[in-house]
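*Asks:* This one is query-v4.cif, mmCIF, C-alpha atoms.
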```cif
data_data
loop_
_atom_site.label_atom_id
_atom_site.label_comp_id
_atom_site.auth_asym_id
_atom_site.auth_seq_id
_atom_site.Cartn_x
_atom_site.Cartn_y
_atom_site.Cartn_z
CA ALA A 213 15.88 -9.28 28.43
CA ALA A 214 17.63 -5.92 28.85
CA GLY A 215 14.98 -4.58 31.21
CA VAL A 216 14.49 -1.40 29.18
CA SER A 217 11.36 0.48 28.14
CA GLY A 218 9.76 -0.86 24.95
CA GLU A 219 8.98 2.67 23.84
CA ILE A 220 12.59 3.79 24.22
CA ALA A 221 13.84 0.66 22.45
CA ARG A 222 11.44 1.19 19.53
CA ARG A 223 12.57 4.77 19.11
CA ALA A 224 16.25 3.73 19.13
CA LEU A 225 15.49 1.09 16.50
CA MET A 226 13.64 3.64 14.37
CA LEU A 227 16.63 5.98 14.49
CA SER A 228 19.35 3.38 14.00
CA GLY A 229 17.58 1.17 11.46
CA ASP A 230 19.66 -1.71 12.86
CA LEU A 231 17.94 -4.26 15.12
CA THR A 232 21.15 -6.06 16.08
CA ARG A 233 22.91 -2.84 17.05
CA THR A 234 19.87 -1.67 19.03
CA ALA A 235 19.85 -4.94 20.99
CA GLU A 236 23.58 -4.63 21.71
CA ILE A 237 23.12 -1.10 23.05
CA ALA A 238 20.18 -2.16 25.19
CA MET A 239 22.11 -5.06 26.73
CA ASP A 240 25.40 -3.19 27.21
CA GLU A 241 24.27 0.37 28.02
CA GLY A 242 20.62 0.13 29.00
CA GLU A 243 18.14 2.95 28.55
CA ALA A 244 20.83 5.64 28.76
CA GLY A 245 22.54 4.15 25.72
CA LEU A 246 19.29 3.84 23.82
CA ARG A 247 18.39 7.47 24.55
CA GLY A 248 21.75 8.46 23.08
CA VAL A 249 20.86 7.05 19.65
CA GLY A 250 20.17 10.11 17.51
CA PHE A 251 19.05 11.04 14.02
CA GLU A 252 21.93 10.99 11.54
CA LEU A 253 21.85 12.15 7.95
CA PHE A 254 22.40 9.33 5.45
CA ARG A 255 21.38 6.75 8.05
CA PRO A 256 17.75 6.07 7.05
CA ILE A 257 15.10 5.33 9.64
CA PHE A 258 12.13 2.98 9.39
CA PRO A 259 9.08 4.78 7.98
CA MET A 260 5.89 5.52 9.88
CA LEU A 261 3.06 3.28 8.65
CA ALA A 262 -0.71 3.59 8.47
CA SER A 263 -3.43 1.26 9.68
CA THR A 264 -6.70 0.84 7.78
CA ALA A 265 -9.97 2.73 8.30
CA ASP A 266 -13.33 1.80 6.82
CA ASN A 267 -14.22 5.32 5.71
CA VAL A 268 -13.01 8.90 5.72
CA GLY A 269 -15.71 10.16 8.09
CA ASP A 270 -14.77 7.80 10.91
CA ALA A 271 -11.07 8.52 10.43
CA VAL A 272 -11.47 12.30 10.46
CA THR A 273 -13.78 12.39 13.50
CA SER A 274 -11.37 10.20 15.50
CA PHE A 275 -8.97 13.16 15.63
CA GLU A 276 -9.44 16.70 16.89
CA ARG A 277 -7.92 17.89 13.62
CA ALA A 278 -6.81 15.78 10.68
CA SER A 279 -4.61 16.05 7.62
CA VAL A 280 -6.36 14.29 4.72
CA GLU A 281 -3.78 13.47 2.05
CA TRP A 282 -3.90 11.74 -1.33
CA LYS A 283 -2.73 8.13 -1.15
CA LEU A 284 -0.47 7.21 -4.05
CA ASP A 285 0.40 3.73 -5.30
CA GLY A 286 4.08 4.50 -5.72
CA ILE A 287 7.38 3.52 -4.09
CA ARG A 288 7.85 4.86 -0.56
CA ILE A 289 11.08 6.80 -0.40
CA GLN A 290 13.08 8.65 2.26
CA ILE A 291 15.37 11.35 0.93
CA HIS A 292 18.41 12.68 2.78
CA ARG A 293 20.23 15.78 1.63
CA ARG A 294 23.33 17.65 2.82
CA GLY A 295 24.44 20.37 0.43
CA ASP A 296 24.50 18.83 -3.04
CA GLU A 297 24.76 15.29 -1.72
CA VAL A 298 21.45 13.41 -1.90
CA ARG A 299 20.63 9.82 -0.97
CA ILE A 300 17.29 8.10 -1.61
CA TYR A 301 16.20 5.05 0.38
CA THR A 302 13.32 2.58 0.12
CA ARG A 303 11.01 1.61 2.99
CA ASN A 304 13.39 -1.33 3.57
CA LEU A 305 16.27 1.16 3.89
CA ASN A 306 17.93 0.17 0.59
CA ASP A 307 19.80 2.90 -1.27
CA ILE A 308 18.26 3.47 -4.74
CA THR A 309 19.75 6.90 -5.44
CA ALA A 310 21.32 5.82 -8.72
CA ALA A 311 17.93 4.77 -10.09
CA LEU A 312 16.25 8.14 -9.40
CA PRO A 313 18.39 10.98 -10.73
CA GLY A 314 15.32 13.11 -11.40
CA ILE A 315 14.20 12.99 -7.79
CA ALA A 316 17.70 13.73 -6.52
CA GLU A 317 17.85 16.77 -8.80
CA ALA A 318 14.42 17.98 -7.67
CA VAL A 319 15.45 17.82 -4.00
CA ARG A 320 18.75 19.61 -4.70
CA GLY A 321 16.67 22.52 -5.95
CA LEU A 322 14.93 23.08 -2.62
CA PRO A 323 16.05 26.05 -0.46
CA VAL A 324 17.67 24.07 2.37
CA ARG A 325 21.19 23.09 3.37
CA GLN A 326 20.26 19.74 4.85
CA ALA A 327 16.98 17.89 5.22
CA VAL A 328 15.25 14.52 5.41
CA PHE A 329 11.97 14.02 3.53
CA ASP A 330 9.38 11.25 3.48
CA GLY A 331 7.56 10.72 0.20
CA GLU A 332 6.70 8.64 -2.84
CA ALA A 333 8.23 8.04 -6.26
CA LEU A 334 5.58 7.53 -8.91
CA TRP A 335 5.58 7.21 -12.67
CA MET A 336 3.15 9.77 -14.04
CA GLY A 337 2.21 9.40 -17.70
CA ASP A 338 0.15 11.70 -19.89
CA ASN A 339 -3.00 9.92 -18.74
CA GLY A 340 -2.24 9.90 -15.02
CA PRO A 341 -0.47 7.68 -12.48
CA ALA A 342 0.85 4.27 -13.41
CA ALA A 343 0.26 1.09 -11.41
CA PHE A 344 2.82 0.19 -8.75
CA GLN A 345 4.48 -2.61 -10.72
CA ASP A 346 4.81 -0.31 -13.75
CA THR A 347 6.59 2.28 -11.61
CA VAL A 348 8.95 -0.42 -10.34
CA SER A 349 9.58 -1.64 -13.88
CA ARG A 350 10.24 1.90 -15.08
CA ILE A 351 12.75 2.52 -12.29
CA ASP A 352 14.51 -0.75 -13.00
CA ARG A 353 14.85 0.27 -16.64
CA GLU A 354 15.30 4.02 -16.64
CA SER A 355 14.30 7.07 -14.69
CA PRO A 356 13.91 10.26 -16.68
CA PRO A 357 12.95 13.29 -14.55
CA GLU A 358 9.80 13.79 -16.62
CA GLY A 359 8.66 10.21 -15.99
CA ILE A 360 9.23 9.46 -12.29
CA VAL A 361 7.73 12.24 -10.23
CA THR A 362 8.63 13.34 -6.70
CA PHE A 363 5.83 13.56 -4.14
CA LEU A 364 6.69 14.63 -0.58
CA PHE A 365 4.39 14.36 2.42
CA ASP A 366 6.59 14.75 5.49
CA LEU A 367 9.68 16.56 6.72
CA LEU A 368 11.73 14.81 9.41
CA HIS A 369 14.77 17.08 9.66
CA VAL A 370 15.72 20.49 8.34
CA ASP A 371 18.94 22.47 8.73
CA GLY A 372 20.00 20.92 12.02
CA GLU A 373 16.53 20.65 13.55
CA ASP A 374 15.07 17.17 14.17
CA LEU A 375 11.30 17.19 13.68
CA LEU A 376 10.35 13.66 14.73
CA ASP A 377 8.86 14.98 17.98
CA THR A 378 7.18 17.94 16.28
CA PRO A 379 3.41 17.67 15.58
CA LEU A 380 2.50 16.75 12.01
CA GLU A 381 0.70 20.04 11.43
CA ARG A 382 3.89 21.96 12.14
CA ARG A 383 6.00 19.61 9.98
CA ALA A 384 3.52 20.11 7.14
CA GLU A 385 3.80 23.89 7.43
CA LYS A 386 7.59 23.71 7.15
CA LEU A 387 7.36 21.36 4.16
CA GLU A 388 4.90 23.70 2.45
CA THR A 389 7.36 26.57 2.89
CA ILE A 390 10.30 24.58 1.54
CA GLY A 391 8.76 22.60 -1.30
CA SER A 392 5.08 23.30 -1.93
CA HIS A 393 5.41 22.27 -5.59
CA LEU A 394 6.52 18.75 -4.56
CA LYS A 395 4.04 18.28 -1.72
CA ILE A 396 1.23 15.73 -1.98
CA PRO A 397 -2.19 17.45 -2.02
CA ALA A 398 -3.57 17.58 1.51
CA LEU A 399 -6.19 19.38 3.59
CA LEU A 400 -6.22 20.13 7.32
CA THR A 401 -9.78 19.77 8.54
CA SER A 402 -12.15 18.58 11.26
CA ASP A 403 -15.04 18.23 8.80
CA PRO A 404 -15.77 14.69 7.51
CA THR A 405 -17.49 16.18 4.45
CA GLU A 406 -14.32 18.01 3.49
CA GLY A 407 -12.38 14.78 3.97
CA GLU A 408 -14.74 12.99 1.59
CA ARG A 409 -14.17 15.73 -0.96
CA VAL A 410 -10.41 15.09 -0.84
CA LEU A 411 -11.06 11.36 -1.36
CA VAL A 412 -13.16 12.09 -4.44
CA GLU A 413 -10.43 14.37 -5.81
CA ALA A 414 -7.75 11.73 -5.24
CA LEU A 415 -9.78 8.99 -6.93
CA SER A 416 -10.66 11.30 -9.83
CA ALA A 417 -6.95 11.92 -10.35
CA GLY A 418 -6.38 8.17 -10.61
CA HIS A 419 -4.90 7.55 -7.16
CA GLU A 420 -5.72 4.86 -4.55
CA GLY A 421 -7.52 6.85 -1.87
CA VAL A 422 -6.44 8.98 1.07
CA VAL A 423 -4.45 8.78 4.28
CA VAL A 424 -6.06 10.53 7.23
CA LYS A 425 -3.49 11.63 9.81
CA ASP A 426 -3.78 13.08 13.28
CA ALA A 427 -2.53 16.65 12.89
CA ALA A 428 -1.05 16.48 16.41
CA SER A 429 0.79 13.19 15.82
CA LEU A 430 4.53 12.80 16.23
CA TYR A 431 6.57 10.64 13.84
CA ALA A 432 6.56 7.07 15.22
CA ALA A 433 8.09 4.63 12.78
CA GLY A 434 8.17 0.94 12.16
CA ARG A 435 4.65 -0.12 13.11
CA ARG A 436 1.06 0.51 12.06
CA GLY A 437 -0.40 2.83 14.65
CA LYS A 438 -3.75 4.62 14.80
CA ALA A 439 -2.34 8.09 14.14
CA TRP A 440 -2.27 7.47 10.36
CA ARG A 441 -5.21 5.70 8.72
CA LYS A 442 -5.46 4.80 5.05
CA VAL A 443 -8.83 4.74 3.34
CA LYS A 444 -9.26 2.97 0.01
CA PRO A 445 -12.64 2.27 -1.58
CA VAL A 446 -13.52 -1.40 -1.61
CA ARG A 447 -14.46 -2.70 -5.03
CA THR A 448 -16.40 -5.95 -5.35
CA TYR A 449 -16.84 -8.11 -8.44
CA ASP A 450 -18.85 -11.22 -9.11
CA LEU A 451 -16.49 -13.87 -10.45
CA VAL A 452 -16.80 -17.58 -11.22
CA VAL A 453 -14.96 -20.39 -9.43
CA LEU A 454 -12.93 -22.40 -11.96
CA GLY A 455 -11.19 -24.65 -9.45
CA ALA A 456 -9.59 -24.83 -6.02
CA GLU A 457 -6.55 -26.28 -4.29
CA TRP A 458 -6.49 -28.60 -1.31
CA GLY A 459 -5.54 -26.73 1.84
CA HIS A 460 -2.87 -27.62 4.37
CA GLY A 461 -2.34 -27.05 8.08
CA ARG A 462 -5.65 -26.25 9.74
CA ARG A 463 -7.33 -26.30 6.30
CA GLN A 464 -6.21 -29.85 5.61
CA GLY A 465 -9.00 -31.81 3.91
CA TRP A 466 -10.81 -28.74 2.58
CA LEU A 467 -10.64 -27.13 -0.84
CA SER A 468 -9.29 -23.70 -0.04
CA ASN A 469 -7.35 -21.59 -2.57
CA LEU A 470 -9.93 -20.67 -5.22
CA HIS A 471 -9.16 -20.20 -8.91
CA LEU A 472 -11.23 -17.23 -10.05
CA GLY A 473 -12.42 -16.41 -13.53
CA ALA A 474 -14.07 -13.47 -15.26
CA ARG A 475 -16.54 -13.90 -18.08
CA ASP A 476 -15.22 -13.33 -21.60
CA PRO A 477 -18.15 -11.98 -23.65
CA ARG A 478 -16.32 -12.65 -26.91
CA THR A 479 -15.96 -16.40 -26.39
CA GLY A 480 -18.67 -17.10 -23.86
CA GLY A 481 -16.04 -18.76 -21.66
CA PHE A 482 -14.14 -17.66 -18.57
CA VAL A 483 -10.64 -16.22 -18.16
CA MET A 484 -8.66 -16.86 -15.00
CA VAL A 485 -7.70 -13.66 -13.17
CA GLY A 486 -6.21 -14.91 -9.92
CA LYS A 487 -6.45 -17.03 -6.81
CA CYS A 488 -7.95 -16.28 -3.41
CA PHE A 489 -8.11 -17.99 -0.01
CA LYS A 490 -8.72 -15.01 2.29
CA GLY A 491 -12.10 -14.42 3.92
CA LEU A 492 -13.12 -18.07 4.07
CA THR A 493 -14.65 -19.24 7.36
CA ASP A 494 -14.59 -22.88 8.46
CA GLU A 495 -18.28 -23.13 7.64
CA LEU A 496 -17.72 -21.74 4.16
CA LEU A 497 -14.73 -24.03 3.57
CA GLU A 498 -16.83 -27.06 4.42
CA TRP A 499 -19.69 -25.94 2.19
CA GLN A 500 -17.55 -25.04 -0.81
CA THR A 501 -15.56 -28.28 -0.62
CA LYS A 502 -18.79 -30.25 -0.92
CA GLU A 503 -20.17 -28.04 -3.70
CA LEU A 504 -16.95 -27.99 -5.72
CA LEU A 505 -16.42 -31.75 -5.54
CA GLU A 506 -19.92 -32.22 -6.94
CA ARG A 507 -18.82 -30.11 -9.94
CA GLU A 508 -15.36 -31.69 -10.39
CA THR A 509 -14.12 -32.11 -13.97
CA GLY A 510 -10.51 -33.11 -13.34
CA ARG A 511 -7.41 -32.81 -11.16
CA GLU A 512 -3.81 -31.76 -11.50
CA GLY A 513 -1.57 -31.99 -8.45
CA ILE A 514 -3.35 -30.32 -5.54
CA ALA A 515 -5.78 -28.52 -7.86
CA VAL A 516 -9.35 -29.67 -8.48
CA PHE A 517 -11.02 -28.18 -11.56
CA VAL A 518 -14.78 -27.66 -11.66
CA ARG A 519 -17.60 -26.67 -13.96
CA PRO A 520 -17.83 -22.85 -13.99
CA GLU A 521 -21.15 -22.56 -12.19
CA LEU A 522 -20.61 -21.04 -8.75
CA VAL A 523 -20.56 -17.23 -8.61
CA ILE A 524 -18.64 -15.61 -5.77
CA GLU A 525 -18.39 -11.96 -4.73
CA ILE A 526 -14.77 -10.90 -4.37
CA ALA A 527 -13.51 -7.68 -2.78
CA LEU A 528 -10.26 -6.31 -4.20
CA ASP A 529 -8.11 -3.23 -4.09
CA GLY A 530 -7.65 -3.19 -7.86
CA VAL A 531 -5.89 -5.11 -10.60
CA GLN A 532 -2.47 -5.14 -12.19
CA SER A 533 -1.34 -6.13 -15.62
CA SER A 534 -0.12 -9.71 -15.75
CA THR A 535 1.44 -12.07 -18.29
CA ARG A 536 0.60 -15.03 -16.07
CA TYR A 537 -3.09 -15.05 -16.93
CA ALA A 538 -4.58 -15.07 -20.40
CA GLY A 539 -6.81 -12.07 -19.68
CA GLY A 540 -3.77 -9.87 -19.05
CA VAL A 541 -4.84 -8.82 -15.56
CA ALA A 542 -4.44 -10.17 -12.02
CA LEU A 543 -6.40 -9.30 -8.90
CA ARG A 544 -4.76 -7.30 -6.11
CA PHE A 545 -5.45 -8.20 -2.46
CA ALA A 546 -8.51 -10.29 -3.25
CA ARG A 547 -10.72 -11.63 -0.46
CA VAL A 548 -14.00 -13.52 -0.39
CA LYS A 549 -17.13 -11.59 0.56
CA ARG A 550 -19.79 -14.25 -0.09
CA TYR A 551 -21.13 -16.71 -2.61
CA ARG A 552 -23.95 -15.50 -4.86
CA PRO A 553 -26.45 -18.36 -5.31
CA ASP A 554 -28.86 -15.79 -6.73
CA LYS A 555 -26.64 -15.30 -9.78
CA SER A 556 -25.78 -17.58 -12.67
CA ALA A 557 -22.35 -17.70 -14.28
CA ASP A 558 -23.52 -15.74 -17.32
CA GLU A 559 -24.26 -12.83 -14.97
CA ALA A 560 -20.68 -12.66 -13.69
CA ASP A 561 -18.55 -9.59 -14.31
CA THR A 562 -16.49 -9.58 -17.48
CA ILE A 563 -12.78 -9.45 -18.14
CA ASP A 564 -13.42 -6.03 -19.70
CA ASP A 565 -14.81 -4.79 -16.37
CA LEU A 566 -11.54 -5.73 -14.69
CA ARG A 567 -9.34 -4.39 -17.49
CA ALA A 568 -11.07 -1.03 -17.07
CA LEU A 569 -9.38 -0.79 -13.63
CA LEU A 570 -5.90 -0.77 -15.19
CA PRO A 571 -4.29 2.69 -15.15
CA ALA A 572 -4.26 4.36 -18.54
CA ARG A 573 -0.83 4.32 -20.15
CA SER A 574 0.72 7.29 -21.84
#
```
Represent the structure contained in this file as structure tokens.
*Replies:*
Amino acid sequence: AAGVSGEIARRALMLSGDLTRTAEIAMDEGEAGLRGVGFELFRPIFPMLASTADNVGDAVTSFERASVEWKLDGIRIQIHRRGDEVRIYTRNLNDITAALPGIAEAVRGLPVRQAVFDGEALWMGDNGPAAFQDTVSRIDRESPPEGIVTFLFDLLHVDGEDLLDTPLERRAEKLETIGSHLKIPALLTSDPTEGERVLVEALSAGHEGVVVKDAASLYAAGRRGKAWRKVKPVRTYDLVVLGAEWGHGRRQGWLSNLHLGARDPRTGGFVMVGKCFKGLTDELLEWQTKELLERETGREGIAVFVRPELVIEIALDGVQSSTRYAGGVALRFARVKRYRPDKSADEADTIDDLRALLPARS
């Protein structure tokens, strides 16, 4: 509507963090006004995001040189400092400084006058990193410096110098000089084998995976581009369908949202661990509706309960502790891979297999 470049508008939005204000500038002042929007301390910008890659090798070889960094399951934070004043913002640009005194103190100790950092806040116990929801719970309750740990992976501004248009490799060098003890482990490489080694190290330390970044990339925030690519190993488990819910919209008339159970070896029964509707094709929806209705044992609202006979392979990113389900765990980002007609329900994975994915608590 304003007739301005999309690239220039996106950059102004990244720097202002205010969509309404960006639109006003575009309409009233055009591209000249948008170009005048600059980086300001204590005005957070939208964070740069990563797309997904299937494996480390493909991600590393897609760049001339890559930074392979540990991927943590913490809270994304942006930290602004001027002198002793520190402000900490979430990825949604909310100020959570009061909840993280330990991180503020850690950043005050760095040898800079003013700076903006990109990083993660993560609860680290004696046995390693906590799950995301446990970190959130810890921050909501308390935040001792020895509990919530500061991890930095990018430097966006330092002592009057904006670094958004500086290649990542150079930003990483400056961050290493300023705060190597707070920096997320990373390796600059062009070798896929070396990238795999970093992934193994990250997983062994209890973290999610790695992020592979183009070492020449500039900081482009607010959308998932190809310059940063996250790699997390896909875990699959064979679970049992306990029921399903009637779909709506284009899935009207089909049983869609599956109730999934893990085998409980102590009782011989099945414990519900979550629901899943992702990964289902029209063909699969039609087939499973027929098969589930043949096994129906009862209904409640939109839910149809069935005999626990059908085994289904589910891909997931992990589990989290849950009070909603009797087994104490819930699936994270579950999606259907395929049904397993070659397996019987007593061959399904157990609730203990899933509980083993929970981070160890200190």
*Asks:* May I ask which of the residues A:Ile563, A:Ala515, A:Ala310, A:Val280 is the closest one to Phe482 of chain A, counting all atoms listed in the file?
*Replies:*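 Smallest distance to Phe482 of chain A is found for A:Ile563.
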*Asks:* Quick one: pull the distance between atom CA of Asp352 of chain A and atom CA of Ala311 of chain A, Å, one decimal.
*Replies:*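 Atom CA of Ala311 of chain A lies 7.1 Å from atom CA of Asp352 of chain A.
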*Asks:* What is the distance between atom CA of Ala327 of chain A and atom CA of Gly372 of chain A, in Å to one decimal?
*Replies:*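 Result for atom CA of Ala327 of chain A versus atom CA of Gly372 of chain A: 8.0 Å, one decimal.
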*Asks:* Return the single residue from A:Ile360, A:Leu570, A:Ala433, A:Ile287 that is closest to Ala318 of chain A, with distances computed using only C-alpha atoms.
*Replies:*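 Selected residue with least distance to Ala318 of chain A: A:Ile360.
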*Asks:* Given all atoms listed in the file as the basis, pick out the residue of A:Thr347, A:Ser402, A:Ser392, A:Thr309 nearest to Lys425 of chain A.
*Replies:*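 Looking at the shortest contact to Lys425 of chain A, the residue is A:Ser402.
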*Asks:* Counting only C-alpha atoms, which residues in segment 355-421 of chain A sit no more than 9 Å from segment 267-273 of chain A? For each one, give the nearest pair of atoms and the distance in Å, sorted by chain then residue number, as CSV.
*Replies:*
```
residue,atom,partner,partner_atom,distance
A:Thr401,CA,A:Val272,CA,7.9
A:Ser402,CA,A:Val272,CA,6.4
A:Asp403,CA,A:Val272,CA,7.1
A:Pro404,CA,A:Gly269,CA,4.6
A:Thr405,CA,A:Gly269,CA,7.3
A:Gly407,CA,A:Val268,CA,6.2
A:Glu408,CA,A:Val268,CA,6.1
A:Leu411,CA,A:Val268,CA,7.7
```
*Asks:* For the file shown, what are the residues hit by the PyMOL selection byres ((chain A and resi 447) around 7), laid out as an MDAnalysis selection string?
*Replies:* chainID A and resid 445:446 448:449 527:529
*Asks:* If you measure from atom CA of Glu512 of chain A to atom CA of Gly486 of chain A, what distance in Å do you get, rounded to one decimal?
*Replies:* 17.1 Å
*Asks:* Let me know the residues the PyMOL selection byres ((chain A and resi 485) around 7) catches in the file above, as a PDB file with C-alpha atoms, keeping the file's coordinate frame.
*Replies:*
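Saved to expr-v2.pdb:
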```pdb
ATOM      1  CA  LEU A 472     -11.230 -17.230 -10.050  1.00  0.00           C
ATOM      2  CA  GLY A 473     -12.420 -16.410 -13.530  1.00  0.00           C
ATOM      3  CA  ALA A 474     -14.070 -13.470 -15.260  1.00  0.00           C
ATOM      4  CA  VAL A 483     -10.640 -16.220 -18.160  1.00  0.00           C
ATOM      5  CA  MET A 484      -8.660 -16.860 -15.000  1.00  0.00           C
ATOM      6  CA  GLY A 486      -6.210 -14.910  -9.920  1.00  0.00           C
ATOM      7  CA  TYR A 537      -3.090 -15.050 -16.930  1.00  0.00           C
ATOM      8  CA  GLY A 539      -6.810 -12.070 -19.680  1.00  0.00           C
ATOM      9  CA  VAL A 541      -4.840  -8.820 -15.560  1.00  0.00           C
ATOM     10  CA  ALA A 542      -4.440 -10.170 -12.020  1.00  0.00           C
ATOM     11  CA  LEU A 543      -6.400  -9.300  -8.900  1.00  0.00           C
TER      12      LEU A 543
END
```
*Asks:* Please enumerate the residues selected by the PyMOL selection byres ((chain A and resi 296-303) around 10) when evaluated against the supplied file, formatted as a PDB file with C-alpha atoms, in the frame of the given file.
*Replies:*
```
ATOM      1  CA  LEU A 253      21.850  12.150   7.950  1.00  0.00           C
ATOM      2  CA  PHE A 254      22.400   9.330   5.450  1.00  0.00           C
ATOM      3  CA  ARG A 255      21.380   6.750   8.050  1.00  0.00           C
ATOM      4  CA  PRO A 256      17.750   6.070   7.050  1.00  0.00           C
ATOM      5  CA  ILE A 257      15.100   5.330   9.640  1.00  0.00           C
ATOM      6  CA  PHE A 258      12.130   2.980   9.390  1.00  0.00           C
ATOM      7  CA  PRO A 259       9.080   4.780   7.980  1.00  0.00           C
ATOM      8  CA  MET A 260       5.890   5.520   9.880  1.00  0.00           C
ATOM      9  CA  LEU A 261       3.060   3.280   8.650  1.00  0.00           C
ATOM     10  CA  ILE A 287       7.380   3.520  -4.090  1.00  0.00           C
ATOM     11  CA  ARG A 288       7.850   4.860  -0.560  1.00  0.00           C
ATOM     12  CA  ILE A 289      11.080   6.800  -0.400  1.00  0.00           C
ATOM     13  CA  GLN A 290      13.080   8.650   2.260  1.00  0.00           C
ATOM     14  CA  ILE A 291      15.370  11.350   0.930  1.00  0.00           C
ATOM     15  CA  HIS A 292      18.410  12.680   2.780  1.00  0.00           C
ATOM     16  CA  ARG A 293      20.230  15.780   1.630  1.00  0.00           C
ATOM     17  CA  ARG A 294      23.330  17.650   2.820  1.00  0.00           C
ATOM     18  CA  GLY A 295      24.440  20.370   0.430  1.00  0.00           C
ATOM     19  CA  ASN A 304      13.390  -1.330   3.570  1.00  0.00           C
ATOM     20  CA  LEU A 305      16.270   1.160   3.890  1.00  0.00           C
ATOM     21  CA  ASN A 306      17.930   0.170   0.590  1.00  0.00           C
ATOM     22  CA  ASP A 307      19.800   2.900  -1.270  1.00  0.00           C
ATOM     23  CA  ILE A 308      18.260   3.470  -4.740  1.00  0.00           C
ATOM     24  CA  THR A 309      19.750   6.900  -5.440  1.00  0.00           C
ATOM     25  CA  ALA A 310      21.320   5.820  -8.720  1.00  0.00           C
ATOM     26  CA  ALA A 311      17.930   4.770 -10.090  1.00  0.00           C
ATOM     27  CA  LEU A 312      16.250   8.140  -9.400  1.00  0.00           C
ATOM     28  CA  PRO A 313      18.390  10.980 -10.730  1.00  0.00           C
ATOM     29  CA  ILE A 315      14.200  12.990  -7.790  1.00  0.00           C
ATOM     30  CA  ALA A 316      17.700  13.730  -6.520  1.00  0.00           C
ATOM     31  CA  GLU A 317      17.850  16.770  -8.800  1.00  0.00           C
ATOM     32  CA  VAL A 319      15.450  17.820  -4.000  1.00  0.00           C
ATOM     33  CA  ARG A 320      18.750  19.610  -4.700  1.00  0.00           C
ATOM     34  CA  GLY A 321      16.670  22.520  -5.950  1.00  0.00           C
ATOM     35  CA  ARG A 325      21.190  23.090   3.370  1.00  0.00           C
ATOM     36  CA  GLN A 326      20.260  19.740   4.850  1.00  0.00           C
ATOM     37  CA  ALA A 327      16.980  17.890   5.220  1.00  0.00           C
ATOM     38  CA  VAL A 328      15.250  14.520   5.410  1.00  0.00           C
ATOM     39  CA  PHE A 329      11.970  14.020   3.530  1.00  0.00           C
ATOM     40  CA  ASP A 330       9.380  11.250   3.480  1.00  0.00           C
ATOM     41  CA  GLY A 331       7.560  10.720   0.200  1.00  0.00           C
ATOM     42  CA  GLU A 332       6.700   8.640  -2.840  1.00  0.00           C
ATOM     43  CA  ALA A 333       8.230   8.040  -6.260  1.00  0.00           C
ATOM     44  CA  GLY A 434       8.170   0.940  12.160  1.00  0.00           C
TER      45      GLY A 434
END
```
